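What's in model-v6.pdb: PDB, C-alpha atoms
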ATOM      1  CA  MET A   1     -28.251   4.393  36.601
ATOM      2  CA  ALA A   2     -28.774   0.650  36.271
ATOM      3  CA  HIS A   3     -28.275   1.021  32.518
ATOM      4  CA  ALA A   4     -24.951   2.793  33.053
ATOM      5  CA  ALA A   5     -23.865   0.111  35.500
ATOM      6  CA  THR A   6     -24.723  -2.600  32.958
ATOM      7  CA  LEU A   7     -22.812  -0.728  30.251
ATOM      8  CA  ASN A   8     -19.797  -0.455  32.504
ATOM      9  CA  GLY A   9     -20.059  -4.162  33.187
ATOM     10  CA  VAL A  10     -20.225  -4.934  29.468
ATOM     11  CA  GLU A  11     -17.295  -2.647  28.713
ATOM     12  CA  ARG A  12     -15.237  -4.209  31.501
ATOM     13  CA  TYR A  13     -15.989  -7.682  30.118
ATOM     14  CA  GLU A  14     -15.190  -6.566  26.575
ATOM     15  CA  ASN A  15     -11.923  -5.014  27.671
ATOM     16  CA  GLN A  16     -10.904  -8.366  29.072
ATOM     17  CA  LEU A  17     -11.620  -9.995  25.721
ATOM     18  CA  THR A  18     -10.531  -7.357  23.234
ATOM     19  CA  PRO A  19      -7.279  -5.473  22.797
ATOM     20  CA  GLY A  20      -8.991  -2.105  22.156
ATOM     21  CA  TRP A  21     -11.430  -1.335  19.354
ATOM     22  CA  GLY A  22      -8.965   0.331  16.974
ATOM     23  CA  LYS A  23      -6.540  -2.553  17.134
ATOM     24  CA  LEU A  24      -9.304  -5.141  16.979
ATOM     25  CA  MET A  25     -10.862  -3.515  13.918
ATOM     26  CA  MET A  26      -7.480  -3.406  12.176
ATOM     27  CA  TRP A  27      -7.077  -7.138  12.850
ATOM     28  CA  VAL A  28     -10.580  -7.822  11.483
ATOM     29  CA  PHE A  29      -9.735  -5.787   8.369
ATOM     30  CA  LEU A  30      -6.428  -7.657   7.969
ATOM     31  CA  CYS A  31      -8.250 -11.001   8.245
ATOM     32  CA  SER A  32     -10.640 -10.038   5.453
ATOM     33  CA  ASP A  33      -7.731  -8.708   3.405
ATOM     34  CA  ALA A  34      -5.849 -11.961   3.992
ATOM     35  CA  MET A  35      -8.853 -13.811   2.543
ATOM     36  CA  SER A  36      -8.655 -11.597  -0.571
ATOM     37  CA  PHE A  37      -4.998 -12.505  -1.047
ATOM     38  CA  ALA A  38      -5.746 -16.168  -0.275
ATOM     39  CA  GLY A  39      -8.351 -16.138  -3.054
ATOM     40  CA  LEU A  40      -5.942 -14.521  -5.505
ATOM     41  CA  LEU A  41      -3.128 -16.942  -4.647
ATOM     42  CA  ALA A  42      -5.490 -19.933  -4.889
ATOM     43  CA  ALA A  43      -6.655 -18.734  -8.328
ATOM     44  CA  TYR A  44      -2.998 -18.267  -9.325
ATOM     45  CA  GLY A  45      -2.198 -21.830  -8.218
ATOM     46  CA  ALA A  46      -5.198 -23.252 -10.081
ATOM     47  CA  VAL A  47      -4.268 -21.379 -13.282
ATOM     48  CA  ARG A  48      -0.635 -22.512 -13.093
ATOM     49  CA  LEU A  49      -1.526 -26.138 -12.458
ATOM     50  CA  GLY A  50      -3.920 -26.140 -15.393
ATOM     51  CA  SER A  51      -1.330 -24.760 -17.796
ATOM     52  CA  SER A  52       1.093 -26.838 -19.852
ATOM     53  CA  ASP A  53       2.994 -23.782 -21.131
ATOM     54  CA  TRP A  54       3.721 -21.894 -17.916
ATOM     55  CA  PRO A  55       7.295 -20.543 -17.995
ATOM     56  CA  VAL A  56       9.936 -20.836 -15.283
ATOM     57  CA  PRO A  57       9.375 -17.428 -13.611
ATOM     58  CA  ALA A  58      13.108 -16.777 -13.092
ATOM     59  CA  THR A  59      13.713 -16.805 -16.859
ATOM     60  CA  HIS A  60      11.509 -13.728 -17.351
ATOM     61  CA  LEU A  61      11.272 -12.038 -13.937
ATOM     62  CA  GLY A  62      14.144 -10.349 -12.123
ATOM     63  CA  VAL A  63      14.546 -12.613  -9.103
ATOM     64  CA  PRO A  64      17.778 -11.038  -7.697
ATOM     65  CA  LEU A  65      16.302  -7.531  -7.857
ATOM     66  CA  THR A  66      13.061  -8.707  -6.270
ATOM     67  CA  ALA A  67      15.009 -10.578  -3.579
ATOM     68  CA  LEU A  68      16.654  -7.227  -2.780
ATOM     69  CA  ASN A  69      13.176  -5.665  -2.677
ATOM     70  CA  THR A  70      12.026  -8.403  -0.280
ATOM     71  CA  PHE A  71      15.002  -7.646   1.944
ATOM     72  CA  ILE A  72      14.148  -3.925   1.886
ATOM     73  CA  LEU A  73      10.578  -4.694   2.971
ATOM     74  CA  ILE A  74      11.843  -6.938   5.788
ATOM     75  CA  CYS A  75      14.142  -4.086   6.899
ATOM     76  CA  SER A  76      11.193  -1.665   6.848
ATOM     77  CA  SER A  77       9.254  -4.084   9.042
ATOM     78  CA  VAL A  78      11.988  -4.087  11.682
ATOM     79  CA  THR A  79      12.212  -0.276  11.610
ATOM     80  CA  MET A  80       8.419  -0.150  12.068
ATOM     81  CA  VAL A  81       8.517  -2.359  15.142
ATOM     82  CA  LYS A  82      11.447  -0.316  16.488
ATOM     83  CA  ALA A  83       9.367   2.861  15.973
ATOM     84  CA  LEU A  84       6.666   1.424  18.221
ATOM     85  CA  SER A  85       9.265   0.277  20.725
ATOM     86  CA  ALA A  86      10.792   3.786  20.756
ATOM     87  CA  ILE A  87       7.534   5.582  21.528
ATOM     88  CA  LYS A  88       6.616   2.989  24.160
ATOM     89  CA  HIS A  89       9.816   4.103  25.893
ATOM     90  CA  GLY A  90       8.858   7.761  25.388
ATOM     91  CA  ASP A  91      11.514   8.317  22.698
ATOM     92  CA  ARG A  92       9.816  10.703  20.223
ATOM     93  CA  LYS A  93      12.966  11.299  18.152
ATOM     94  CA  GLY A  94      13.400   7.548  17.812
ATOM     95  CA  LEU A  95       9.775   7.262  16.694
ATOM     96  CA  LEU A  96      10.265   9.903  13.982
ATOM     97  CA  GLY A  97      13.565   8.401  12.807
ATOM     98  CA  TYR A  98      12.268   4.835  12.566
ATOM     99  CA  LEU A  99       8.967   5.948  10.985
ATOM    100  CA  GLY A 100      10.956   7.914   8.398
ATOM    101  CA  ALA A 101      13.136   4.861   7.683
ATOM    102  CA  THR A 102      10.012   2.708   7.287
ATOM    103  CA  MET A 103       8.489   5.151   4.804
ATOM    104  CA  LEU A 104      11.786   5.267   2.917
ATOM    105  CA  GLY A 105      11.815   1.460   2.738
ATOM    106  CA  GLY A 106       8.245   1.420   1.416
ATOM    107  CA  ALA A 107       8.957   4.113  -1.165
ATOM    108  CA  THR A 108      12.118   2.284  -2.303
ATOM    109  CA  PHE A 109      10.130  -0.943  -2.650
ATOM    110  CA  LEU A 110       7.576   0.874  -4.828
ATOM    111  CA  GLY A 111      10.326   2.485  -6.921
ATOM    112  CA  ILE A 112      11.994  -0.867  -7.619
ATOM    113  CA  GLN A 113       8.626  -2.443  -8.438
ATOM    114  CA  ALA A 114       7.811   0.419 -10.826
ATOM    115  CA  TYR A 115      11.211  -0.143 -12.501
ATOM    116  CA  GLU A 116      10.503  -3.873 -12.844
ATOM    117  CA  TRP A 117       7.019  -3.270 -14.279
ATOM    118  CA  THR A 118       8.402  -0.707 -16.761
ATOM    119  CA  HIS A 119      11.117  -3.128 -17.857
ATOM    120  CA  LEU A 120       8.599  -5.967 -18.383
ATOM    121  CA  ILE A 121       6.113  -3.739 -20.222
ATOM    122  CA  MET A 122       8.918  -2.483 -22.505
ATOM    123  CA  GLU A 123       9.780  -6.124 -23.227
ATOM    124  CA  GLY A 124       6.180  -6.643 -24.306
ATOM    125  CA  MET A 125       4.686  -8.449 -21.304
ATOM    126  CA  THR A 126       1.234  -7.005 -20.720
ATOM    127  CA  ILE A 127      -1.853  -8.233 -18.919
ATOM    128  CA  GLN A 128      -3.067  -9.743 -22.208
ATOM    129  CA  SER A 129       0.050 -10.934 -24.020
ATOM    130  CA  ASN A 130       3.764 -11.651 -23.875
ATOM    131  CA  PRO A 131       6.518 -11.969 -26.494
ATOM    132  CA  TRP A 132       7.763 -15.386 -25.329
ATOM    133  CA  GLY A 133       4.886 -17.522 -26.596
ATOM    134  CA  VAL A 134       4.040 -18.749 -23.091
ATOM    135  CA  ASN A 135       0.643 -18.741 -21.368
ATOM    136  CA  THR A 136      -0.797 -15.201 -21.528
ATOM    137  CA  LEU A 137      -2.125 -15.604 -17.993
ATOM    138  CA  PHE A 138       1.515 -15.467 -16.828
ATOM    139  CA  GLY A 139       1.425 -11.686 -17.303
ATOM    140  CA  ALA A 140      -2.141 -11.244 -16.089
ATOM    141  CA  THR A 141      -1.589 -13.089 -12.787
ATOM    142  CA  PHE A 142       1.775 -11.378 -12.272
ATOM    143  CA  TYR A 143       0.394  -7.854 -12.691
ATOM    144  CA  ILE A 144      -2.764  -8.529 -10.668
ATOM    145  CA  LEU A 145      -0.946 -10.103  -7.713
ATOM    146  CA  THR A 146       2.004  -7.713  -7.549
ATOM    147  CA  GLY A 147      -0.238  -4.746  -8.440
ATOM    148  CA  PHE A 148      -2.765  -5.529  -5.711
ATOM    149  CA  HIS A 149       0.088  -5.845  -3.227
ATOM    150  CA  GLY A 150       1.733  -2.684  -4.557
ATOM    151  CA  CYS A 151      -1.513  -0.770  -3.919
ATOM    152  CA  HIS A 152      -1.306  -1.968  -0.321
ATOM    153  CA  VAL A 153       2.294  -0.726  -0.051
ATOM    154  CA  LEU A 154       1.325   2.659  -1.509
ATOM    155  CA  SER A 155      -1.604   2.928   0.938
ATOM    156  CA  GLY A 156       0.771   1.934   3.738
ATOM    157  CA  VAL A 157       3.291   4.661   2.840
ATOM    158  CA  ILE A 158       0.487   7.273   2.798
ATOM    159  CA  TYR A 159      -0.868   5.919   6.104
ATOM    160  CA  LEU A 160       2.642   6.035   7.600
ATOM    161  CA  PHE A 161       3.066   9.605   6.368
ATOM    162  CA  CYS A 162      -0.154  10.639   8.176
ATOM    163  CA  ILE A 163       1.116   9.038  11.391
ATOM    164  CA  PHE A 164       4.518  10.688  10.856
ATOM    165  CA  VAL A 165       2.865  14.129  10.590
ATOM    166  CA  ARG A 166       0.865  13.467  13.774
ATOM    167  CA  ALA A 167       4.092  12.338  15.469
ATOM    168  CA  LEU A 168       5.768  15.596  14.382
ATOM    169  CA  GLN A 169       2.891  17.437  16.096
ATOM    170  CA  GLY A 170       3.690  15.516  19.282
ATOM    171  CA  ALA A 171       0.503  13.442  19.265
ATOM    172  CA  TYR A 172       2.129  10.291  20.636
ATOM    173  CA  SER A 173       3.751   9.454  23.938
ATOM    174  CA  ALA A 174       4.691   6.477  26.085
ATOM    175  CA  GLU A 175       1.075   6.282  27.280
ATOM    176  CA  ASN A 176      -0.683   7.150  24.012
ATOM    177  CA  ASN A 177       0.655   5.193  21.060
ATOM    178  CA  SER A 178      -2.121   2.887  19.850
ATOM    179  CA  SER A 179      -2.220   4.592  16.409
ATOM    180  CA  VAL A 180       1.455   3.736  15.914
ATOM    181  CA  GLU A 181       0.763   0.133  16.892
ATOM    182  CA  ILE A 182      -2.194  -0.047  14.466
ATOM    183  CA  VAL A 183      -0.271   1.346  11.475
ATOM    184  CA  GLY A 184       2.486  -1.124  12.391
ATOM    185  CA  LEU A 185       0.043  -4.036  12.154
ATOM    186  CA  TYR A 186      -0.934  -2.928   8.662
ATOM    187  CA  TRP A 187       2.690  -2.533   7.581
ATOM    188  CA  HIS A 188       3.780  -5.930   8.909
ATOM    189  CA  PHE A 189       0.805  -7.514   7.146
ATOM    190  CA  VAL A 190       1.999  -5.994   3.854
ATOM    191  CA  ASP A 191       5.440  -7.515   4.537
ATOM    192  CA  LEU A 192       3.917 -10.904   5.444
ATOM    193  CA  ILE A 193       1.875 -11.043   2.239
ATOM    194  CA  TRP A 194       4.909 -10.137   0.128
ATOM    195  CA  ILE A 195       6.851 -13.040   1.633
ATOM    196  CA  LEU A 196       4.167 -15.380   0.229
ATOM    197  CA  VAL A 197       3.814 -13.576  -3.126
ATOM    198  CA  PHE A 198       7.606 -13.594  -3.649
ATOM    199  CA  THR A 199       7.780 -17.334  -3.028
ATOM    200  CA  PHE A 200       4.786 -18.339  -5.158
ATOM    201  CA  VAL A 201       5.182 -15.922  -8.073
ATOM    202  CA  TYR A 202       8.975 -15.621  -8.360
ATOM    203  CA  LEU A 203      10.656 -18.639  -6.784
ATOM    204  CA  ILE A 204       8.521 -21.723  -7.387
ATOM    205  CA  ALA A 205       9.414 -23.051 -10.840
TER     206      ALA A 205
ATOM    207  CA  MET B   1     -11.215 -16.396  29.038
ATOM    208  CA  SER B   2      -9.572 -13.149  29.968
ATOM    209  CA  GLY B   3      -6.432 -14.443  28.209
ATOM    210  CA  LYS B   4      -2.819 -13.553  28.574
ATOM    211  CA  PRO B   5      -1.831 -10.010  29.413
ATOM    212  CA  SER B   6      -0.572  -7.864  26.527
ATOM    213  CA  GLU B   7       2.412  -6.607  28.534
ATOM    214  CA  HIS B   8       5.450  -8.735  27.764
ATOM    215  CA  ALA B   9       9.214  -8.569  27.577
ATOM    216  CA  GLU B  10      10.324  -7.040  24.272
ATOM    217  CA  PRO B  11      11.503  -9.706  21.822
ATOM    218  CA  ASN B  12      14.901  -9.341  20.181
ATOM    219  CA  TYR B  13      13.646  -7.735  16.957
ATOM    220  CA  TRP B  14      17.076  -7.684  15.323
ATOM    221  CA  MET B  15      17.338 -11.453  15.809
ATOM    222  CA  VAL B  16      13.943 -11.889  14.087
ATOM    223  CA  TRP B  17      15.138  -9.604  11.286
ATOM    224  CA  LEU B  18      18.337 -11.653  10.913
ATOM    225  CA  SER B  19      16.329 -14.891  10.839
ATOM    226  CA  LEU B  20      14.088 -13.497   8.093
ATOM    227  CA  ALA B  21      17.109 -12.364   6.058
ATOM    228  CA  VAL B  22      18.863 -15.734   6.433
ATOM    229  CA  LEU B  23      15.677 -17.638   5.528
ATOM    230  CA  THR B  24      15.326 -15.470   2.404
ATOM    231  CA  VAL B  25      18.872 -16.411   1.353
ATOM    232  CA  VAL B  26      18.069 -20.095   2.043
ATOM    233  CA  GLU B  27      14.948 -19.734  -0.133
ATOM    234  CA  LEU B  28      17.035 -18.349  -2.995
ATOM    235  CA  LEU B  29      19.507 -21.245  -2.662
ATOM    236  CA  VAL B  30      16.740 -23.876  -2.518
ATOM    237  CA  ALA B  31      15.129 -22.361  -5.630
ATOM    238  CA  GLN B  32      18.408 -23.044  -7.514
ATOM    239  CA  VAL B  33      18.287 -26.793  -6.808
ATOM    240  CA  GLN B  34      17.800 -28.728 -10.052
ATOM    241  CA  GLY B  35      15.469 -31.745 -10.090
ATOM    242  CA  ALA B  36      13.713 -32.952  -6.913
ATOM    243  CA  ARG B  37      10.833 -30.625  -7.867
ATOM    244  CA  ALA B  38       8.480 -31.821  -5.129
ATOM    245  CA  PHE B  39      11.181 -31.301  -2.496
ATOM    246  CA  VAL B  40      11.947 -27.794  -3.784
ATOM    247  CA  ILE B  41       8.270 -26.744  -3.860
ATOM    248  CA  PHE B  42       7.583 -28.205  -0.409
ATOM    249  CA  SER B  43      10.723 -26.560   1.046
ATOM    250  CA  LEU B  44       9.929 -23.157  -0.468
ATOM    251  CA  CYS B  45       6.345 -23.264   0.850
ATOM    252  CA  ALA B  46       7.556 -24.345   4.303
ATOM    253  CA  LEU B  47      10.205 -21.589   4.410
ATOM    254  CA  ALA B  48       7.657 -18.944   3.327
ATOM    255  CA  LEU B  49       5.205 -20.079   6.013
ATOM    256  CA  VAL B  50       7.937 -19.997   8.693
ATOM    257  CA  LYS B  51       8.879 -16.457   7.636
ATOM    258  CA  ALA B  52       5.221 -15.366   7.643
ATOM    259  CA  ALA B  53       4.759 -16.929  11.092
ATOM    260  CA  LEU B  54       7.836 -15.068  12.425
ATOM    261  CA  VAL B  55       6.422 -11.737  11.190
ATOM    262  CA  ALA B  56       2.979 -12.451  12.670
ATOM    263  CA  ALA B  57       4.285 -13.794  15.995
ATOM    264  CA  TYR B  58       7.006 -11.239  16.772
ATOM    265  CA  PHE B  59       6.532  -8.117  14.630
ATOM    266  CA  MET B  60       2.728  -8.183  14.909
ATOM    267  CA  HIS B  61       3.023  -9.411  18.516
ATOM    268  CA  LEU B  62       0.444 -12.129  17.932
ATOM    269  CA  LYS B  63       2.425 -14.484  20.163
ATOM    270  CA  PHE B  64       1.816 -12.142  23.090
ATOM    271  CA  GLU B  65      -1.836 -11.306  22.379
ATOM    272  CA  LYS B  66      -4.954 -12.419  24.196
ATOM    273  CA  TYR B  67      -6.371 -15.802  23.244
ATOM    274  CA  ALA B  68      -9.590 -14.179  21.989
ATOM    275  CA  LEU B  69      -7.647 -12.148  19.421
ATOM    276  CA  ILE B  70      -5.575 -15.150  18.349
ATOM    277  CA  LEU B  71      -8.837 -17.069  17.749
ATOM    278  CA  ILE B  72     -10.231 -14.181  15.671
ATOM    279  CA  VAL B  73      -7.096 -14.168  13.506
ATOM    280  CA  VAL B  74      -6.712 -17.928  13.148
ATOM    281  CA  SER B  75     -10.359 -18.608  12.152
ATOM    282  CA  PRO B  76     -10.182 -17.102   8.627
ATOM    283  CA  LEU B  77      -6.790 -18.731   8.117
ATOM    284  CA  LEU B  78      -8.442 -22.107   8.719
ATOM    285  CA  LEU B  79     -11.052 -21.186   6.094
ATOM    286  CA  SER B  80      -8.220 -20.289   3.691
ATOM    287  CA  GLY B  81      -6.702 -23.699   4.430
ATOM    288  CA  ILE B  82     -10.004 -25.341   3.445
ATOM    289  CA  LEU B  83      -9.928 -23.331   0.193
ATOM    290  CA  TYR B  84      -6.497 -24.738  -0.653
ATOM    291  CA  VAL B  85      -7.476 -28.293   0.351
ATOM    292  CA  GLY B  86     -10.457 -27.891  -1.995
ATOM    293  CA  LEU B  87      -8.020 -27.253  -4.843
ATOM    294  CA  VAL B  88      -6.093 -30.493  -4.277
ATOM    295  CA  PRO B  89      -8.390 -32.813  -6.342
ATOM    296  CA  ASP B  90      -8.273 -30.296  -9.195
ATOM    297  CA  ALA B  91      -4.491 -30.101  -8.927
ATOM    298  CA  ILE B  92      -4.096 -33.885  -8.984
ATOM    299  CA  THR B  93      -6.356 -34.120 -12.048
ATOM    300  CA  HIS B  94      -4.296 -31.508 -13.890
ATOM    301  CA  ILE B  95      -0.976 -33.113 -12.949
ATOM    302  CA  HIS B  96      -2.213 -36.478 -14.344
ATOM    303  CA  TRP B  97      -3.533 -34.742 -17.459
ATOM    304  CA  LEU B  98      -0.230 -32.964 -18.083
ATOM    305  CA  ALA B  99       1.755 -36.166 -17.445
ATOM    306  CA  HIS B 100      -0.100 -37.969 -20.267
TER     307      HIS B 100
END
Would you write the structure of this file as structure tokens?
Amino acid sequence: MAHAATLNGVERYENQLTPGWGKLMMWVFLCSDAMSFAGLLAAYGAVRLGSSDWPVPATHLGVPLTALNTFILICSSVTMVKALSAIKHGDRKGLLGYLGATMLGGATFLGIQAYEWTHLIMEGMTIQSNPWGVNTLFGATFYILTGFHGCHVLSGVIYLFCIFVRALQGAYSAENNSSVEIVGLYWHFVDLIWILVFTFVYLIA
Amino acid sequence: MSGKPSEHAEPNYWMVWLSLAVLTVVELLVAQVQGARAFVIFSLCALALVKAALVAAYFMHLKFEKYALILIVVSPLLLSGILYVGLVPDAITHIHWLAH
């Protein structure tokens, strides 16, 4: 009895501190994932600074197309947050519509990235070499950074699809929507990381 | 220590979206600037960080979260900052080496 009372006390205290375990654990995961990307970007910066033959990225990478891709990801972020807003207001159709639009945005992003990778590989840029006589790490860092991010987008689309199926089954309501909020956190994180990758890999000359 | 309540007025998400889109266009324009390399790099980094902060604050609702959660999120970012500061001496050495 005393044990139960203590547990209740602990839980009450924890509830004041934490936003719910699912959401908290997603944030902890995102923090560790952010450190992974920070390490990769730091390594990228160190490699670039130590190279005398690093090319201007825009001469070999498709900046306009990738800018469009960035815009698509930003759009998918706003549809994700609108999906959460819809279900918080009890609008299940709105949830399904916005979740569908978010998945479409993610899939389009992946399609454009696959097109870009194919184009670059056909030109001869691989993880080990390139046809332009510039630093070979240009290709290696590009594929590792964009590939690691692309894996996150693919995971996000699959994750969104699972939530979409659960939403179709009527699993979410105005009172019960924490899973939608948690998948949203993951999706916005993917968008946030791309904003940094786009700037460092494509724009900074 | 209980922090702010999570319930809050809904931000104008479309305005955040518009800001992100406009900042992306500004980034593309800044990247076209010839010369003034330090200014361009600094501006692009600043714009990217502002965009990232907008996503975290409004789309991820970090601005409206409890202080405890904000502390949990900010702590590793500070460690990342230390990682980048640690690269500065190396960067300066390389810049001098490339200049000569």
Near-A:Ile74 list (8 Å; all atoms listed in the file; drop same-chain fewer than 6 positions) as a PyMOL selection string: (chain A and resi 191) or (chain B and resi 17+20-21)
Would you compute the box with edges along x, y and z of the file around stretch 152-155 of chain A, including every atom the file lists for it and 5 Å extra on each side, and give its centre and edge lengths in Å to one decimal, as AutoDock Vina command-line options?
--center_x 0.3 --center_y 0.5 --center_z -0.3 --size_x 13.9 --size_y 14.9 --size_z 12.4
Could you make a table, as CSV, of the residues of chain B that have an atom within 6 Å of an atom of chain A, each with its nearest atom pair and distance in Å to one decimal, counting all atoms listed in the file, in chain and number order?
residue,atom,partner,partner_atom,distance
B:Ser2,CA,A:Gln16,CA,5.0
B:Ala31,CA,A:Leu203,CA,5.9
B:Ala48,CA,A:Leu196,CA,5.9
B:Ala52,CA,A:Leu192,CA,5.1
B:Met60,CA,A:Leu185,CA,5.7
B:Ala68,CA,A:Leu17,CA,6.0
B:His94,CA,A:Gly50,CA,5.6
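Atom pair atom CA of A:Leu99 / atom CA of B:Ala56 has a distance of 19.4 Å (rounded to one decimal).
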Could you state the separation of atom CA of B:Ile92 and atom CA of A:Val56 in Å, given to one decimal place?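 Separation of atom CA of B:Ile92 and atom CA of A:Val56: 20.2 Å.
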Let me know the residues the PyMOL selection byres ((chain A and resi 162-169) around 10) catches in the file above, as a list of chain:residue names.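 For this structure, the PyMOL selection byres ((chain A and resi 162-169) around 10) captures A:Ile87, A:Arg92, A:Lys93, A:Leu95, A:Leu96, A:Gly97, A:Tyr98, A:Leu99, A:Gly100, A:Met103, A:Gly156, A:Val157, A:Ile158, A:Tyr159, A:Leu160, A:Phe161, A:Gly170, A:Ala171, A:Tyr172, A:Ser173, A:Asn177, A:Ser179, A:Val180, A:Val183.
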